Every structure is written in C-alpha cells, then in structure tokens.
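Colleague: Coordinates in my_file_30.txt, compact mmCIF, C-alpha atoms and all ligand atoms, are listed below.
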# COMPACT_ATOMS: atom_id res chain seq x y z
CA MET A 278 175.33 51.33 214.24
CA HIS A 279 174.18 54.91 214.91
CA ASP A 280 175.03 57.97 212.84
CA ILE A 281 176.11 59.89 215.94
CA ILE A 282 176.99 58.89 219.49
CA ILE A 283 176.77 61.72 222.00
CA ILE A 284 178.72 61.23 225.22
CA GLY A 285 177.14 63.03 228.18
CA ALA A 286 173.50 64.07 228.65
CA GLY A 287 173.92 67.52 230.17
CA PRO A 288 172.45 70.59 228.45
CA ALA A 289 175.11 70.40 225.69
CA GLY A 290 174.61 66.71 224.87
CA LEU A 291 170.82 66.93 225.10
CA THR A 292 170.71 69.96 222.79
CA ALA A 293 173.03 68.19 220.33
CA ALA A 294 170.60 65.25 220.34
CA ILE A 295 167.67 67.57 219.50
CA TYR A 296 169.48 69.09 216.53
CA ALA A 297 170.82 65.77 215.21
CA ARG A 298 167.44 64.03 215.48
CA ARG A 299 165.68 66.92 213.77
CA ALA A 300 168.20 66.61 210.93
CA GLY A 301 167.11 62.99 210.55
CA ARG A 302 170.21 61.37 212.02
CA SER A 303 170.11 58.34 214.34
CA VAL A 304 171.48 59.21 217.76
CA LEU A 305 172.67 57.27 220.78
CA LEU A 306 173.09 59.38 223.91
CA ILE A 307 175.26 57.76 226.60
CA GLU A 308 175.09 59.18 230.15
CA LYS A 309 176.97 57.79 233.13
CA GLU A 310 175.05 59.42 235.99
CA THR A 311 172.28 62.00 235.73
CA PHE A 312 170.33 63.00 232.64
CA GLY A 313 170.46 66.80 232.85
CA GLY A 314 174.09 67.11 234.01
CA GLN A 315 175.37 69.59 236.60
CA ILE A 316 172.34 71.84 236.56
CA VAL A 317 170.23 69.29 238.46
CA LEU A 318 172.21 70.45 241.54
CA SER A 319 170.69 73.92 241.29
CA PRO A 320 167.40 74.59 243.10
CA HIS A 321 166.84 77.84 241.23
CA VAL A 322 167.75 78.90 237.70
CA GLU A 323 166.86 82.43 236.68
CA ASN A 324 169.11 83.19 233.74
CA TYR A 325 167.92 80.72 231.13
CA PRO A 326 166.12 82.65 228.39
CA PHE A 327 162.57 81.72 227.34
CA ALA A 328 161.98 79.88 230.63
CA ARG A 329 160.40 81.16 233.84
CA PRO A 330 162.61 80.76 236.96
CA MET A 331 162.62 77.07 237.88
CA SER A 332 164.79 74.40 239.46
CA GLY A 333 167.58 72.73 237.51
CA THR A 334 165.76 69.42 237.77
CA GLU A 335 162.60 70.90 236.25
CA LEU A 336 164.62 72.46 233.43
CA SER A 337 166.39 69.14 232.75
CA ASP A 338 163.13 67.20 232.75
CA ILE A 339 161.77 69.45 229.99
CA LEU A 340 164.94 69.02 227.93
CA VAL A 341 165.07 65.23 228.42
CA GLU A 342 161.39 64.90 227.44
CA GLN A 343 162.05 66.89 224.27
CA VAL A 344 164.93 64.57 223.37
CA MET A 345 162.93 61.41 224.10
CA ASN A 346 159.99 62.67 222.02
CA LEU A 347 162.35 63.14 219.09
CA GLY A 348 163.36 59.48 219.30
CA ALA A 349 166.98 59.51 220.46
CA ASP A 350 168.26 56.20 221.87
CA VAL A 351 169.70 56.44 225.36
CA GLU A 352 172.02 54.29 227.42
CA VAL A 353 173.09 54.67 231.06
CA ASP A 354 176.76 53.70 231.10
CA LYS A 355 180.19 55.30 231.43
CA VAL A 356 182.27 55.78 228.29
CA ILE A 357 185.83 54.63 228.92
CA GLY A 358 187.38 55.03 225.48
CA ILE A 359 186.89 55.58 221.76
CA THR A 360 188.67 53.71 218.96
CA GLU A 361 188.73 54.90 215.38
CA ASN A 362 188.25 52.00 212.97
CA ARG A 363 189.70 51.54 209.48
CA ASP A 364 186.30 52.00 207.84
CA LYS A 365 185.98 55.52 209.35
CA THR A 366 183.57 54.37 212.07
CA PHE A 367 184.17 54.66 215.80
CA THR A 368 183.83 52.06 218.52
CA VAL A 369 182.78 53.71 221.74
CA LYS A 370 183.69 51.50 224.69
CA THR A 371 181.68 51.69 227.88
CA GLU A 372 182.00 49.90 231.20
CA TYR A 373 179.35 47.38 230.16
CA GLY A 374 179.70 47.12 226.39
CA GLU A 375 180.52 48.91 223.17
CA HIS A 376 178.66 50.82 220.47
CA THR A 377 179.54 52.00 216.98
CA ALA A 378 178.86 55.26 215.18
CA ARG A 379 180.05 57.29 212.21
CA ALA A 380 180.56 60.46 214.23
CA VAL A 381 180.98 61.30 217.91
CA ILE A 382 180.05 64.38 219.94
CA ILE A 383 181.82 64.63 223.31
CA ALA A 384 179.79 66.60 225.88
CA THR A 385 181.19 65.33 229.16
CA GLY A 386 181.03 68.63 231.07
CA LEU A 387 183.11 69.05 234.19
CA LYS A 388 183.08 68.65 237.94
CA HIS A 389 183.82 71.53 240.30
CA ARG A 390 186.54 70.66 242.82
CA ARG A 391 185.07 70.25 246.28
CA MET A 392 186.51 71.66 249.54
CA GLY A 393 186.31 68.20 251.11
CA ILE A 394 184.71 69.40 254.36
CA GLU A 395 181.94 68.31 256.68
CA ASN A 396 178.37 68.89 255.36
CA GLU A 397 179.58 70.12 251.95
CA GLU A 398 177.40 67.90 249.72
CA LYS A 399 174.32 68.64 251.86
CA PHE A 400 174.60 72.40 251.26
CA ILE A 401 175.37 72.38 247.53
CA GLY A 402 172.56 74.45 246.02
CA ARG A 403 171.48 75.47 249.54
CA GLY A 404 174.19 78.03 250.19
CA ILE A 405 177.22 76.47 248.50
CA SER A 406 177.67 77.58 244.91
CA PHE A 407 180.32 77.07 242.26
CA CYS A 408 179.23 79.95 240.06
CA ALA A 409 179.10 83.61 241.12
CA VAL A 410 177.55 84.70 237.81
CA CYS A 411 174.78 82.08 238.15
CA ASP A 412 173.95 82.53 241.83
CA GLY A 413 175.37 85.89 242.95
CA ALA A 414 172.03 87.66 242.48
CA PHE A 415 170.43 85.38 245.11
CA PHE A 416 172.77 86.90 247.74
CA LYS A 417 171.96 90.59 247.24
CA GLY A 418 172.58 92.44 250.54
CA LYS A 419 173.76 89.24 252.28
CA THR A 420 177.11 88.02 253.57
CA VAL A 421 179.09 85.50 251.55
CA ALA A 422 182.52 83.87 251.48
CA VAL A 423 184.59 83.03 248.42
CA VAL A 424 187.15 80.23 248.66
CA GLY A 425 190.24 80.19 246.45
CA GLY A 426 193.27 82.20 245.43
CA GLY A 427 193.32 82.13 241.63
CA ASN A 428 191.87 84.54 239.08
CA THR A 429 188.36 83.06 239.33
CA ALA A 430 188.20 83.39 243.13
CA VAL A 431 189.46 86.98 243.16
CA GLN A 432 187.19 87.98 240.25
CA ASP A 433 184.24 86.30 242.00
CA ALA A 434 184.98 88.25 245.20
CA ILE A 435 185.07 91.53 243.26
CA TYR A 436 181.86 90.64 241.37
CA LEU A 437 180.05 89.60 244.57
CA SER A 438 181.21 92.72 246.46
CA LYS A 439 178.85 94.70 244.22
CA LEU A 440 175.88 92.53 245.24
CA ALA A 441 176.55 91.28 248.77
CA SER A 442 176.90 93.49 251.84
CA LYS A 443 180.09 91.69 252.90
CA VAL A 444 182.46 89.22 251.25
CA TYR A 445 185.11 87.12 252.99
CA LEU A 446 187.83 85.91 250.63
CA VAL A 447 189.30 82.76 252.15
CA HIS A 448 192.62 81.51 250.80
CA ARG A 449 195.00 78.87 252.14
CA ARG A 450 198.15 80.86 251.35
CA ASP A 451 199.23 84.35 252.41
CA GLU A 452 199.29 85.61 248.84
CA PHE A 453 197.12 85.07 245.80
CA ARG A 454 197.95 83.00 242.74
CA ALA A 455 195.76 85.35 240.68
CA GLU A 456 197.46 87.79 238.30
CA LYS A 457 198.60 91.07 239.88
CA HIS A 458 196.20 93.29 237.91
CA VAL A 459 193.29 91.07 239.01
CA VAL A 460 194.32 91.25 242.67
CA ALA A 461 194.71 95.04 242.33
CA GLY A 462 190.95 95.22 241.71
CA LEU A 463 190.34 94.18 245.34
CA SER A 464 191.67 97.49 246.64
CA ALA A 465 188.50 99.24 245.41
CA CYS A 466 186.24 96.81 247.32
CA ASP A 467 185.73 98.13 250.87
CA ASN A 468 183.44 95.26 251.82
CA VAL A 469 185.89 92.43 251.02
CA GLU A 470 187.78 91.02 254.02
CA LEU A 471 190.77 88.81 253.27
CA VAL A 472 191.01 85.66 255.40
CA LEU A 473 194.47 84.40 254.45
CA SER A 474 196.50 81.32 255.43
CA SER A 475 193.16 79.73 256.25
CA ILE A 476 191.51 76.51 255.20
CA PRO A 477 187.81 75.57 255.18
CA LYS A 478 186.79 73.17 257.95
CA ALA A 479 182.97 72.95 258.02
CA VAL A 480 179.70 74.50 256.92
CA GLY A 481 176.55 74.45 259.02
CA GLY A 482 173.02 75.76 259.37
CA GLU A 483 169.41 74.75 259.87
CA GLY A 484 167.92 74.17 256.42
CA SER A 485 170.05 76.74 254.61
CA LEU A 486 173.68 77.55 255.25
CA SER A 487 174.49 80.09 257.98
CA SER A 488 178.02 79.35 259.18
CA PHE A 489 181.39 78.64 257.65
CA THR A 490 184.24 77.54 259.89
CA VAL A 491 187.83 78.14 258.78
CA GLU A 492 191.13 77.29 260.45
CA ASN A 493 194.21 79.49 260.40
CA LYS A 494 197.05 77.20 259.27
CA LEU A 495 199.71 79.20 261.11
CA THR A 496 198.04 79.56 264.52
CA GLY A 497 195.64 76.58 264.45
CA GLU A 498 192.82 78.91 265.57
CA THR A 499 189.36 78.34 264.15
CA ARG A 500 186.97 81.12 263.23
CA GLU A 501 183.26 80.85 262.50
CA LEU A 502 182.10 83.21 259.77
CA ASN A 503 178.37 84.02 259.77
CA VAL A 504 177.60 83.77 256.07
CA ASP A 505 174.58 83.05 253.88
CA GLY A 506 176.62 81.62 251.04
CA VAL A 507 179.98 80.09 250.18
CA PHE A 508 181.28 80.36 246.62
CA VAL A 509 183.85 77.66 245.90
CA ALA A 510 186.42 78.61 243.24
CA ILE A 511 189.23 76.12 243.73
CA GLY A 512 189.28 74.59 240.28
CA GLN A 513 187.32 72.61 237.73
CA GLU A 514 187.98 69.03 236.72
CA PRO A 515 187.13 67.93 233.19
CA SER A 516 187.24 64.17 232.56
CA ASN A 517 188.51 63.90 229.02
CA SER A 518 191.66 61.84 229.48
CA ALA A 519 189.99 58.75 227.93
CA PHE A 520 189.82 60.66 224.62
CA SER A 521 193.32 62.14 224.57
CA GLU A 522 194.62 59.91 221.76
CA LEU A 523 191.86 60.98 219.42
CA ILE A 524 191.70 64.70 220.09
CA GLU A 525 193.79 67.53 221.50
CA LEU A 526 193.49 68.53 225.16
CA ASP A 527 194.72 71.84 226.58
CA GLU A 528 197.02 71.98 229.65
CA SER A 529 194.00 71.83 231.99
CA GLY A 530 192.45 68.82 230.25
CA PHE A 531 189.74 70.69 228.31
CA ILE A 532 189.18 69.78 224.64
CA ALA A 533 190.50 72.18 222.04
CA ALA A 534 188.02 72.95 219.26
CA ASP A 535 187.23 75.69 216.77
CA GLU A 536 184.15 77.93 216.75
CA SER A 537 182.20 75.18 214.98
CA CYS A 538 183.01 72.76 217.80
CA ARG A 539 185.25 70.73 215.46
CA THR A 540 188.27 68.92 216.93
CA ARG A 541 191.39 67.86 215.06
CA ASN A 542 189.55 64.64 214.10
CA PRO A 543 187.05 65.48 211.31
CA ALA A 544 184.39 63.13 212.72
CA VAL A 545 184.72 64.06 216.40
CA PHE A 546 182.99 67.16 217.78
CA VAL A 547 182.84 68.69 221.24
CA ALA A 548 180.20 70.72 223.07
CA GLY A 549 179.71 72.46 226.40
CA ASP A 550 181.77 72.85 229.55
CA CYS A 551 184.27 70.13 228.57
CA ARG A 552 185.80 72.29 225.85
CA THR A 553 188.29 75.16 226.10
CA LYS A 554 186.15 78.29 226.44
CA ALA A 555 185.69 81.43 228.50
CA VAL A 556 182.05 81.19 229.61
CA ARG A 557 180.57 78.00 231.02
CA GLN A 558 176.82 78.47 231.34
CA LEU A 559 173.57 76.81 230.26
CA VAL A 560 173.18 79.10 227.27
CA THR A 561 176.71 78.49 226.02
CA ALA A 562 176.40 74.72 226.57
CA GLY A 563 173.13 74.63 224.64
CA ALA A 564 174.57 76.80 221.87
CA ASP A 565 177.57 74.48 221.57
CA GLY A 566 175.27 71.45 221.40
CA GLY A 567 173.42 72.93 218.44
CA VAL A 568 176.62 74.01 216.68
CA ALA A 569 178.36 70.64 217.22
CA ALA A 570 175.35 68.67 215.97
CA ILE A 571 175.04 70.81 212.84
CA ALA A 572 178.77 70.35 212.15
CA ALA A 573 178.46 66.58 212.70
CA CYS A 574 175.44 66.37 210.35
CA GLU A 575 177.31 68.38 207.68
CA TYR A 576 180.23 65.96 208.00
CA LEU A 577 177.89 62.96 207.55
CA ASP A 578 176.14 64.63 204.59
CA ARG A 579 179.51 65.15 202.90
CA GLU A 580 180.53 61.53 203.52
CA ASP A 581 177.18 60.28 202.18
CA ALA A 582 177.55 62.44 199.05
CA MET A 583 181.04 61.06 198.41
CA ALA A 584 179.81 57.46 198.76
CA VAL A 585 177.21 57.87 195.98
C1 LIG B 601 175.13 74.13 241.40
C2 LIG B 601 175.22 74.69 239.99
C3 LIG B 601 174.40 75.75 239.63
C4 LIG B 601 174.47 76.27 238.34
N1 LIG B 601 173.61 77.28 238.01
C5 LIG B 601 173.61 77.77 236.76
C6 LIG B 601 172.69 78.81 236.40
O1 LIG B 601 171.88 79.27 237.21
N2 LIG B 601 172.76 79.27 235.11
C7 LIG B 601 173.64 78.79 234.19
O2 LIG B 601 173.64 79.25 233.05
N3 LIG B 601 174.53 77.81 234.52
C8 LIG B 601 174.53 77.29 235.78
N4 LIG B 601 175.42 76.32 236.11
C9 LIG B 601 176.38 75.85 235.10
C10 LIG B 601 175.70 74.85 234.12
O3 LIG B 601 175.05 73.84 234.88
C11 LIG B 601 176.73 74.24 233.20
O4 LIG B 601 177.39 75.27 232.48
C12 LIG B 601 176.08 73.27 232.21
O5 LIG B 601 175.42 72.23 232.91
C13 LIG B 601 177.12 72.65 231.28
O6 LIG B 601 176.48 71.71 230.48
P1 LIG B 601 177.30 70.50 229.79
O7 LIG B 601 176.27 69.67 229.10
O8 LIG B 601 178.41 71.04 229.03
O9 LIG B 601 177.97 69.71 231.00
P2 LIG B 601 177.34 68.94 232.28
O10 LIG B 601 176.10 69.61 232.75
O11 LIG B 601 178.50 68.83 233.19
O12 LIG B 601 176.93 67.54 231.69
C14 LIG B 601 177.90 66.59 231.28
C15 LIG B 601 177.30 65.20 231.44
O13 LIG B 601 178.23 64.25 230.91
C16 LIG B 601 178.24 63.10 231.74
N5 LIG B 601 179.52 62.39 231.53
C17 LIG B 601 180.75 62.82 231.88
N6 LIG B 601 181.68 61.90 231.53
C18 LIG B 601 181.00 60.86 230.97
C19 LIG B 601 181.40 59.60 230.44
N7 LIG B 601 182.70 59.23 230.42
N8 LIG B 601 180.45 58.76 229.96
C20 LIG B 601 179.14 59.12 229.97
N9 LIG B 601 178.70 60.30 230.48
C21 LIG B 601 179.61 61.16 230.96
C22 LIG B 601 178.08 63.67 233.14
O14 LIG B 601 177.60 62.68 234.04
C23 LIG B 601 177.09 64.81 232.91
O15 LIG B 601 175.75 64.40 233.11
C24 LIG B 601 175.39 75.76 237.39
C25 LIG B 601 176.24 74.70 237.75
C26 LIG B 601 176.17 74.16 239.03
C27 LIG B 601 177.08 73.02 239.43
Translate this file's structure into structure tokens.

Modeller:
Amino acid sequence: MHDIIIIGAGPAGLTAAIYARRAGRSVLLIEKETFGGQIVLSPHVENYPFARPMSGTELSDILVEQVMNLGADVEVDKVIGITENRDKTFTVKTEYGEHTARAVIIATGLKHRRMGIENEEKFIGRGISFCAVCDGAFFKGKTVAVVGGGNTAVQDAIYLSKLASKVYLVHRRDEFRAEKHVVAGLSACDNVELVLSSIPKAVGGEGSLSSFTVENKLTGETRELNVDGVFVAIGQEPSNSAFSELIELDESGFIAADESCRTRNPAVFVAGDCRTKAVRQLVTAGADGGVAAIAACEYLDREDAMAV
C-alpha cells in the first residue's frame, strides 16, 4: 500500500509527486498515456517561469526526471474507478489491476475537443492551437482563424486581434452562444472578420499550416482562408466520470474543490486542469500539484497522530 496514489502524470500530478516525496510519503503515480500530459503536444513553451523557451517534451522530461530521482513509483495504466474501503483506505482500480492507498490526488487534466477534420492531428502544435494565451504571441502580425461561438472563442478572437494582423472568427451558427457583453467587444476589433454558418473542413500546408478550408452550411460553398494559425475553442472534455460517486463534479464534469484542492472527501484531493477553475496553464497546474500534495500530507499527518 502507498500513502498517496496520484492519478495522471501531467504537470499537476508530477508536481504533486515531487512535494509528496519530499515530505517523505510513498507515492504511486499512475498515467494512462504520456508522462508529461498535454504539454508534450507543444513545440514551444515560452511562458513557464525559471525555464528558457523549450519544447513541451523537453519541459516534461525535466519534470519526469525530477520525480524519478525522488523515488516515486510509476505505473502505466488507466484508472477506471476508486472505491473507499471501511478502513479508510482506497482501492484504485485500473484496466490491468488494482492498487491501494490512504489518500488519492486526482490530476487527470482534460482533452480539447477536436474539429474532426482532415490533417488536424498532424498540425496540432504546428499551426493548430487550443490556447490563445499560450500561443497567441507566436502569431504576432500574422493571420489566424478562431473556431467556436462561445465565450472562449469570442474572447480569444478579441485577444488575438491585438496581436495578429487579421482574425477570422469561424462559427457554425449565424449567432454566437457567447454572452452579449462579450460579443459586444468584437465591435471594437476592425481586423476580425466573422465567418458565420460555416464549418471547418480541412487544414493544409507544407510543413506548417497555411490554409484552412471552411464550408458555408447554407450555400454549400467552400472557402479557403490563407491563415498561419487556427485556434480551436469548441470545448474541453474532462474525464472524471469514473470518480463521480466519491467527489462532486460541476455541470461540465470538472471536479469541485476549495483553494487547498480539497474535495468533499477528506482523503481525496484534486489538482490541475481537471478541477473547476478559471485559468488552465502550466503554472496553475504546477501550483495546484504542490497545494494538493501538501493538503494530502497534512491529512496523513493528522491521521497518523490520531492513531498513536
Ligand atoms: C498544444 C498545447 C499547448 C499548450 N501550451 C501551453 C503553454 O505554452 N503554456 C502553458 O502554461 N500552458 C500550455 N498549455 C496548457 C497546459 O499544457 C495545461 O494547462 C497543463 O498541461 C495541465 O496540466 P495537468 O497536469 O492538469 O493536466 P494534463 O497535462 O492534461 O495531464 C493529465 C494527465 O492525466 C492522464 N490521465 C487522464 N485520465 C487518466 C486516467 N483515468 N488514468 C490515468 N491517467 C489519466 C492523462 O493521460 C494526462 O497525461 C498547452 C496545452 C496544449 C494542448
């Protein structure tokens, strides 16, 4: 049995492992796909403090090495459920087995909804981005498209209009789902062109992205936009449903927690993009990881003190 099982080895889970190991707790880190999480998709990270600009893979490698040097146990497997036992321990079930721990930190991150078009995966990180705040600065003076009709898409278009020379805002309906006051902000952006009732069809380019084809749903006409980047803002998908009996999820499936990353279960903590929060970035994921691990260690210290 481990003191703490951490589910997900993105920046949040890895940082939690560092803090928990340094507090002397045994840790099992379970990751289903890629150690490093979402950021491995990024070829260029410039906004992580204390680090020179580098690729997401490079950044992850440093973090994973730090965790391994501190002696965390790791397992590549997908967690499919958690059961709370009568003796206050937890059984964490995976596709290939099960593990027990006295506390659990959930750091499962999220997936950005894809457009589902030709060449999309090939251009992620090479022109396709899911984060205007992360990648907008790479498109200074260039032409970009934003896809979506909610608050995030409209806010991204407004944000990018201050950096890019031209922004196409592509939305499948003829009006936005975003709140009225957010949409009103578009009127001050001369360089934003609305491409409404239109759906993405394909992206193309030699090496990096240079074209984005959209189809007008009403006329069936296709239009090729000459763009350097496409920002996709059509939703985020957390995968927390396997934990819904143990903890509280918000209406979008993110995990509700307090500022100390505590959930309604005193021995279950949550860190990073998978929790309800306003800013989903490397720094906030790392900060959550540290906070959640400290809260988990304090919980274990209290339990140990009571057992004496
Ligand atoms: C292309 C791209 C570029 C980005 N660029 C930047 C940037 O420049 N600057 C910045 O600050 N942020 C950037 N971000 C955002 C940043 O990557 C995220 O905010 C950060 O990775 C969140 O960390 P996390 O640990 O919470 O989640 P994630 O990174 O999503 O990690 C969660 C991990 O949990 C694993 N997992 C999920 N479910 C299970 C399960 N059931 N069992 C086991 N494992 C599971 C996943 O496989 C994943 O590895 C970028 C994101 C993307 C996609």

Colleague: Considering all atoms listed in the file, state which residue in the set A:Thr360, A:Thr292, A:Gln315, A:Ser303 is at the smallest distance from ligand LIG 601 (chain B).

Modeller: A:Gln315

Colleague: Got a sec to check which residues lie within 7 Å of ligand LIG 601 (chain B), using all atoms listed in the file, and send them as number ranges by chain?

Modeller: A: 284-290, 307-316, 318-319, 321-325, 354-357, 384-389, 401-402, 406-408, 411-412, 516, 548-551, 557-560, 562

Colleague: Name the residues within 8 Å of (197.8, 81.7, 255.5), counting only C-alpha atoms in the file's coordinates, and put them as a list in words.

Modeller: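 Nearby residues: His448, Arg449, Arg450, Asp451, Glu452, Val472, Leu473, Ser474, Ser475, Asn493, Lys494 and Leu495 of chain A.
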
Colleague: From (185.9, 69.9, 245.1), in the file's coordinates, out to 12 Å: which residues are reached, counting only C-alpha atoms? Answer as a PDB file with C-alpha atoms, keeping the file's coordinate frame.

Modeller:
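Result file follows (point17.pdb):
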ATOM      1  CA  LEU A 387     183.110  69.050 234.190  1.00  0.00           C
ATOM      2  CA  LYS A 388     183.080  68.650 237.940  1.00  0.00           C
ATOM      3  CA  HIS A 389     183.820  71.530 240.300  1.00  0.00           C
ATOM      4  CA  ARG A 390     186.540  70.660 242.820  1.00  0.00           C
ATOM      5  CA  ARG A 391     185.070  70.250 246.280  1.00  0.00           C
ATOM      6  CA  MET A 392     186.510  71.660 249.540  1.00  0.00           C
ATOM      7  CA  GLY A 393     186.310  68.200 251.110  1.00  0.00           C
ATOM      8  CA  ILE A 394     184.710  69.400 254.360  1.00  0.00           C
ATOM      9  CA  GLU A 397     179.580  70.120 251.950  1.00  0.00           C
ATOM     10  CA  GLU A 398     177.400  67.900 249.720  1.00  0.00           C
ATOM     11  CA  ILE A 401     175.370  72.380 247.530  1.00  0.00           C
ATOM     12  CA  ILE A 405     177.220  76.470 248.500  1.00  0.00           C
ATOM     13  CA  SER A 406     177.670  77.580 244.910  1.00  0.00           C
ATOM     14  CA  PHE A 407     180.320  77.070 242.260  1.00  0.00           C
ATOM     15  CA  VAL A 424     187.150  80.230 248.660  1.00  0.00           C
ATOM     16  CA  GLY A 425     190.240  80.190 246.450  1.00  0.00           C
ATOM     17  CA  PRO A 477     187.810  75.570 255.180  1.00  0.00           C
ATOM     18  CA  PHE A 508     181.280  80.360 246.620  1.00  0.00           C
ATOM     19  CA  VAL A 509     183.850  77.660 245.900  1.00  0.00           C
ATOM     20  CA  ALA A 510     186.420  78.610 243.240  1.00  0.00           C
ATOM     21  CA  ILE A 511     189.230  76.120 243.730  1.00  0.00           C
ATOM     22  CA  GLY A 512     189.280  74.590 240.280  1.00  0.00           C
ATOM     23  CA  GLN A 513     187.320  72.610 237.730  1.00  0.00           C
ATOM     24  CA  GLU A 514     187.980  69.030 236.720  1.00  0.00           C
TER      25      GLU A 514
END

Colleague: Would you write out, as a Markdown table, a table of all residues in segment 335-388 of chain A that have an atom no more than 12 Å from an atom of segment 534-538 of chain A, listing for each the closest atom pair and the distance in Å to one decimal, considering all atoms listed in the file and ordering rows by chain and rising residue number?

Modeller:
| residue | atom | partner | partner_atom | distance |
| --- | --- | --- | --- | --- |
| A:Val381 | CA | A:Cys538 | CA | 11.6 |
| A:Ile382 | CA | A:Cys538 | CA | 9.1 |
| A:Ile383 | CA | A:Cys538 | CA | 9.9 |
| A:Ala384 | CA | A:Cys538 | CA | 10.7 |

Colleague: So that I have them on file, write out the residues from the current selection with C-alpha atoms, as a compact mmCIF listing (two decimals), in the coordinates of the input.

Modeller:
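Just written: out21.txt:
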# COMPACT_ATOMS: atom_id res chain seq x y z
CA VAL A 381 180.98 61.30 217.91
CA ILE A 382 180.05 64.38 219.94
CA ILE A 383 181.82 64.63 223.31
CA ALA A 384 179.79 66.60 225.88

Colleague: Using all atoms listed in the file, which of the listed residues (A:Ala465, A:Ala293, A:Ala300, A:Met345) sits closest to Ala564 of chain A?

Modeller: A:Ala293

Colleague: Atom CA of Ser487 of chain A and atom CA of Ala409 of chain A, how far apart in Å?

Modeller: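 Pair atom CA of Ala409 of chain A / atom CA of Ser487 of chain A returns 17.8 Å.
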
Colleague: With the cut-off set at 8 Å and counting all atoms listed in the file, tabulate each residue of segment 500-568 of chain A with an atom at most that distance from an atom of segment 413-422 of chain A, showing the nearest atom pair and its distance in Å to one decimal, ordered by chain and increasing number, as a tab-separated table.

Modeller:
residue	atom	partner	partner_atom	distance
A:Asn503	CA	A:Thr420	CA	7.5
A:Val504	CA	A:Thr420	CA	5.0
A:Asp505	CA	A:Thr420	CA	5.6
A:Gly506	CA	A:Val421	CA	4.6
A:Val507	CA	A:Ala422	CA	4.7
A:Phe508	CA	A:Ala422	CA	6.1

Colleague: Which one is closest to Asn517 of chain A: A:Lys365, A:Arg329, A:Arg552, A:Lys370? Count only C-alpha atoms.

Modeller: A:Arg552

Colleague: For each of A:Val423, A:Ala582, A:Val547, A:Ala441, take the minimum atom-to-atom distance to Gly567 of chain A, counting all atoms listed in the file, then give the residue where this is smallest.

Modeller: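 Nearest to Gly567 of chain A: A:Val547.
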
Colleague: Quick one, how far is atom CA of Arg299 of chain A from atom CA of Pro326 of chain A?

Modeller: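 These two atoms are separated by 21.5 Å.
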
Colleague: Which one of A:Val568, A:Ile435, A:Ala544, A:Val317 sits closest to Glu335 of chain A if you count only C-alpha atoms?

Modeller: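 Of A:Val568, A:Ile435, A:Ala544, A:Val317, the one nearest Glu335 of chain A is A:Val317, counting only C-alpha atoms.
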
Colleague: So, counting all atoms listed in the file, which residue among A:Ala378, A:Ser488, A:Ser442, A:Leu305 is closest to Val351 of chain A?

Modeller: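 Answer, going by the shortest atom-to-atom distance: A:Leu305.
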